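Visitor: Got a structure for you, upload_36.txt, holding compact mmCIF, C-alpha atoms.
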# COMPACT_ATOMS: atom_id res chain seq x y z
CA MET T 1 95.39 71.63 106.70
CA THR T 2 97.06 70.26 103.58
CA LYS T 3 100.59 68.94 103.55
CA ASN T 4 101.68 71.98 101.51
CA GLU T 5 100.13 74.39 104.03
CA GLU T 6 101.82 72.55 106.91
CA LEU T 7 105.16 72.89 105.14
CA LYS T 8 104.60 76.62 104.50
CA LYS T 9 103.74 77.11 108.16
CA LYS T 10 106.84 75.21 109.29
CA VAL T 11 109.07 77.31 107.02
CA ALA T 12 107.35 80.49 108.29
CA LEU T 13 108.08 79.49 111.89
CA HIS T 14 111.73 78.85 111.07
CA LYS T 15 112.01 82.25 109.32
CA ALA T 16 110.26 84.01 112.23
CA LYS T 17 112.71 82.54 114.74
CA ALA T 18 115.70 83.42 112.55
CA PHE T 19 114.38 86.98 112.16
CA LEU T 20 113.89 87.40 115.91
CA ARG T 21 117.46 86.31 116.66
CA LYS T 22 118.59 89.42 114.74
CA ILE T 23 116.39 91.86 116.66
CA ASN T 24 117.98 93.73 119.55
CA GLY T 25 116.50 95.25 122.69
CA ILE T 26 113.86 92.59 123.36
CA SER T 27 113.17 89.92 125.96
CA ASP T 28 110.52 87.35 126.91
CA VAL T 29 109.97 86.48 123.24
CA GLU T 30 107.13 84.09 122.43
CA VAL T 31 106.07 83.11 118.90
CA ILE T 32 102.28 82.66 118.71
CA ASP T 33 100.27 80.97 115.98
CA SER T 34 97.97 83.59 114.43
CA GLU T 35 95.11 81.07 114.55
CA VAL T 36 95.37 80.97 118.35
CA LEU T 37 95.45 84.74 118.71
CA ASP T 38 92.27 86.62 117.88
CA SER T 39 93.89 88.74 115.19
CA GLU T 40 90.92 89.77 113.04
CA VAL T 41 90.32 93.10 114.81
CA TYR T 42 94.05 93.82 114.82
CA ARG T 43 94.41 93.11 111.10
CA ALA T 44 91.30 95.13 110.23
CA LYS T 45 92.61 98.18 112.11
CA GLN T 46 96.03 97.76 110.51
CA LYS T 47 94.45 97.59 107.06
CA GLU T 48 92.45 100.77 107.79
CA ILE T 49 95.54 102.67 108.91
CA PHE T 50 97.66 101.65 105.91
CA SER T 51 94.99 102.09 103.22
CA TYR T 52 95.38 104.99 100.78
CA ASP T 53 91.91 106.33 101.55
CA SER T 54 92.27 106.04 105.33
CA ASP T 55 90.23 108.34 107.54
CA PHE T 56 92.86 108.13 110.27
CA GLU T 57 95.01 111.18 110.83
CA PRO T 58 98.58 110.54 111.93
CA LYS T 59 99.39 111.71 115.43
CA SER T 60 102.65 113.11 114.07
CA ASP T 61 105.06 112.84 111.16
CA PHE T 62 108.75 113.29 110.53
CA SER T 63 110.74 114.01 107.37
CA LEU T 64 112.83 111.19 105.95
CA ASP T 65 115.40 113.85 104.99
CA ASN T 66 116.62 113.69 108.60
CA SER T 67 119.50 111.42 109.58
CA ASN T 68 118.84 107.79 110.45
CA ASN T 69 119.71 108.50 114.09
CA ALA T 70 117.28 111.45 114.22
CA ILE T 71 114.48 109.30 112.75
CA VAL T 72 115.15 106.50 115.25
CA GLN T 73 115.18 109.03 118.10
CA TRP T 74 111.84 110.49 116.91
CA GLN T 75 110.33 106.98 116.67
CA SER T 76 111.70 106.16 120.10
CA ASP T 77 110.12 109.31 121.53
CA CYS T 78 106.78 108.28 119.98
CA LEU T 79 107.08 104.86 121.61
CA LYS T 80 108.50 105.84 125.00
CA CYS T 81 105.47 104.32 126.76
CA ILE T 82 106.10 100.78 125.42
CA ALA T 83 109.27 100.03 127.38
CA GLY T 84 108.65 97.11 129.70
CA LYS T 85 105.16 96.33 128.36
CA SER T 86 104.03 93.15 126.69
CA LEU T 87 103.57 93.81 122.95
CA PHE T 88 102.50 91.89 119.89
CA PHE T 89 103.55 92.30 116.32
CA GLU T 90 102.94 90.24 113.23
CA VAL T 91 106.05 88.55 111.89
CA ASN T 92 104.40 86.88 108.90
CA ASP T 93 101.00 85.56 107.76
CA PHE T 94 101.19 82.63 110.18
CA TYR T 95 102.77 84.03 113.35
CA PHE T 96 102.67 86.90 115.80
CA VAL T 97 105.32 87.58 118.43
CA ARG T 98 104.71 88.57 122.02
CA LEU T 99 107.71 90.35 123.51
CA ILE T 100 108.91 93.02 125.86
CA VAL T 101 111.00 95.88 124.49
CA SER T 102 113.74 96.89 126.91
CA ASP T 103 115.77 99.08 124.52
CA VAL T 104 113.47 100.94 122.13
CA CYS T 105 116.29 102.49 120.04
CA GLY T 106 118.10 99.17 119.66
CA PHE T 107 114.82 97.48 118.75
CA LEU T 108 113.97 100.07 116.09
CA LYS T 109 117.46 100.15 114.56
CA SER T 110 117.65 96.36 114.24
CA LEU T 111 114.13 96.19 112.76
CA TYR T 112 115.08 98.78 110.13
CA LEU T 113 118.24 96.86 109.25
CA GLU T 114 116.29 93.61 108.84
CA ASN T 115 113.20 94.99 107.09
CA GLY T 116 114.76 97.73 104.98
CA ASN T 117 111.90 100.08 105.85
CA ARG T 118 110.39 101.73 108.89
CA ASP T 119 106.86 100.34 108.62
CA LEU T 120 105.91 98.84 111.96
CA VAL T 121 102.72 97.97 113.82
CA LEU T 122 102.77 97.16 117.52
CA PHE T 123 99.78 96.14 119.58
CA ILE T 124 99.67 96.54 123.36
CA GLU T 125 97.41 93.80 124.61
CA SER T 126 96.61 95.23 128.03
CA SER T 127 95.22 98.52 126.73
CA SER T 128 94.03 97.40 123.28
CA GLN T 129 96.19 100.09 121.75
CA MET T 130 97.95 100.01 118.39
CA PHE T 131 101.01 102.01 117.42
CA ALA T 132 101.93 102.18 113.76
CA PHE T 133 104.65 103.77 111.67
CA ASN T 134 103.98 104.09 107.96
CA GLU T 135 106.89 105.16 105.78
CA GLY T 136 105.82 107.31 102.86
CA GLU T 137 107.97 108.63 100.06
CA TYR T 138 109.22 111.69 101.96
CA VAL T 139 107.74 111.37 105.44
CA ILE T 140 107.20 108.73 108.10
CA TYR T 141 103.83 108.86 109.85
CA PHE T 142 103.00 107.79 113.40
CA TYR T 143 99.57 106.53 114.45
CA ASP T 144 98.31 105.84 117.96
CA GLU T 145 94.89 104.17 117.82
CA LEU T 146 92.65 102.26 120.19
CA ILE T 147 91.22 99.01 118.96
Rewrite the coordinates I just gave you, this time as structure tokens.
Guide:
Amino acid sequence: MTKNEELKKKVALHKAKAFLRKINGISDVEVIDSEVLDSEVYRAKQKEIFSYDSDFEPKSDFSLDNSNNAIVQWQSDCLKCIAGKSLFFEVNDFYFVRLIVSDVCGFLKSLYLENGNRDLVLFIESSSQMFAFNEGEYVIYFYDELI
């Protein structure tokens, strides 16, 4: 790894930790180097779901015309099975995070405030299951896929 790449990775780790300090409703947080985690299958499935010509059908969708609280409640209902489970999500190109979500609504609200959008991909390691929200222009889509 070049000196420049090492510096980029160090900055990415610092940003990931700063980001995670702003996220509510989580515990047992562990930042994991993406090189250590076998992330190729995860990234391939994520790319398939978010591509414009995707063959995946969303499990459900919800209008963005609804209030922020209604959208968060709908997302929370979609993710009710994740509470207390060990999850992964990609923070940046270099790092994933393993965490447990204890407060799904608090988690979703703080993510939206930090990211400015509702796009989210979570991976449940134990069941090889991926949950994804993809925010379109007028609708937010929810996907529940096995990897």
Visitor: Compile the contact shell of Ser86 of chain T as a list in words: residues with an atom at most 7 Å away, counting all atoms listed in the file, same-chain residues fewer than 2 positions apart removed.
Guide: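 Using all atoms listed in the file, the neighbours found are Gly84, Arg98, Leu99, Ile100, Ile124 and Glu125 of chain T.
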Visitor: Could you tell me how far atom CA of Tyr143 of chain T sits from atom CA of Met130 of chain T, in Å to one decimal place?
Guide: 7.8 Å
Visitor: Report as a PyMOL selection string all protein, DNA and RNA residues lying within 12 Å of Val41 of chain T, evaluated on only C-alpha atoms, omitting residues in the same chain fewer than 6 positions from it.
Guide: chain T and resi 47-48+123+128-130+146-147
Visitor: Save the residues we just selected, C-alpha atoms, as a JSON list (two decimals), in the coordinates of the input?
Guide:
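Output contents, as saved in out.json:
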[["chain", "number", "residue", "atom", "x", "y", "z"],
["T", 47, "LYS", "CA", 94.45, 97.59, 107.06],
["T", 48, "GLU", "CA", 92.45, 100.77, 107.79],
["T", 123, "PHE", "CA", 99.78, 96.14, 119.58],
["T", 128, "SER", "CA", 94.03, 97.40, 123.28],
["T", 129, "GLN", "CA", 96.19, 100.09, 121.75],
["T", 130, "MET", "CA", 97.95, 100.01, 118.39],
["T", 146, "LEU", "CA", 92.65, 102.26, 120.19],
["T", 147, "ILE", "CA", 91.22, 99.01, 118.96]]
Visitor: So, with all atoms listed in the file as the atoms that count, which of T:Leu120, T:Leu108, T:Ala132, T:Val72 lies closest to Asn24 of chain T?
Guide: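 Nearest to Asn24 of chain T: T:Leu108.
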Visitor: When you draw a straight line from atom CA of Phe107 of chain T to atom CA of Ile23 of chain T, how long is it in Å?
Guide: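 Between atom CA of Phe107 of chain T and atom CA of Ile23 of chain T the gap is 6.2 Å.
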Visitor: Suppose you want the space between atom CA of Lys80 of chain T and atom CA of Asp28 of chain T; what is it in Å?
Guide: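 Computed distance, atom CA of Lys80 of chain T to atom CA of Asp28 of chain T, equals 18.7 Å.
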Visitor: Would you list the residues near (104.1, 107.0, 98.9) (no more than 12 Å away, in the coordinates of the file, using only C-alpha atoms) as a PDB file with C-alpha atoms, in the coordinates of the input?
Guide:
ATOM      1  CA  PHE T  50      97.660 101.650 105.910  1.00  0.00           C
ATOM      2  CA  SER T  51      94.990 102.090 103.220  1.00  0.00           C
ATOM      3  CA  TYR T  52      95.380 104.990 100.780  1.00  0.00           C
ATOM      4  CA  LEU T  64     112.830 111.190 105.950  1.00  0.00           C
ATOM      5  CA  ASN T 134     103.980 104.090 107.960  1.00  0.00           C
ATOM      6  CA  GLU T 135     106.890 105.160 105.780  1.00  0.00           C
ATOM      7  CA  GLY T 136     105.820 107.310 102.860  1.00  0.00           C
ATOM      8  CA  GLU T 137     107.970 108.630 100.060  1.00  0.00           C
ATOM      9  CA  TYR T 138     109.220 111.690 101.960  1.00  0.00           C
ATOM     10  CA  VAL T 139     107.740 111.370 105.440  1.00  0.00           C
ATOM     11  CA  ILE T 140     107.200 108.730 108.100  1.00  0.00           C
ATOM     12  CA  TYR T 141     103.830 108.860 109.850  1.00  0.00           C
TER      13      TYR T 141
END
Visitor: Closest to Leu122 of chain T among T:Gln46, T:Asn92, T:Gln73, T:Ser27, using only C-alpha atoms?
Guide: T:Gln46
Visitor: Compare T:Val121, T:Ala16, T:Val91, T:Ile26 by their minimum atom-to-atom distance to Cys105 of chain T, counting only C-alpha atoms, and give me the closest one.
Guide: T:Ile26
Visitor: With distances taken over all atoms listed in the file, which of T:Phe88, T:Phe133, T:Lys15, T:Asn117 is nearest to Trp74 of chain T?
Guide: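 Among T:Phe88, T:Phe133, T:Lys15, T:Asn117, it is T:Phe133 that comes nearest to Trp74 of chain T.
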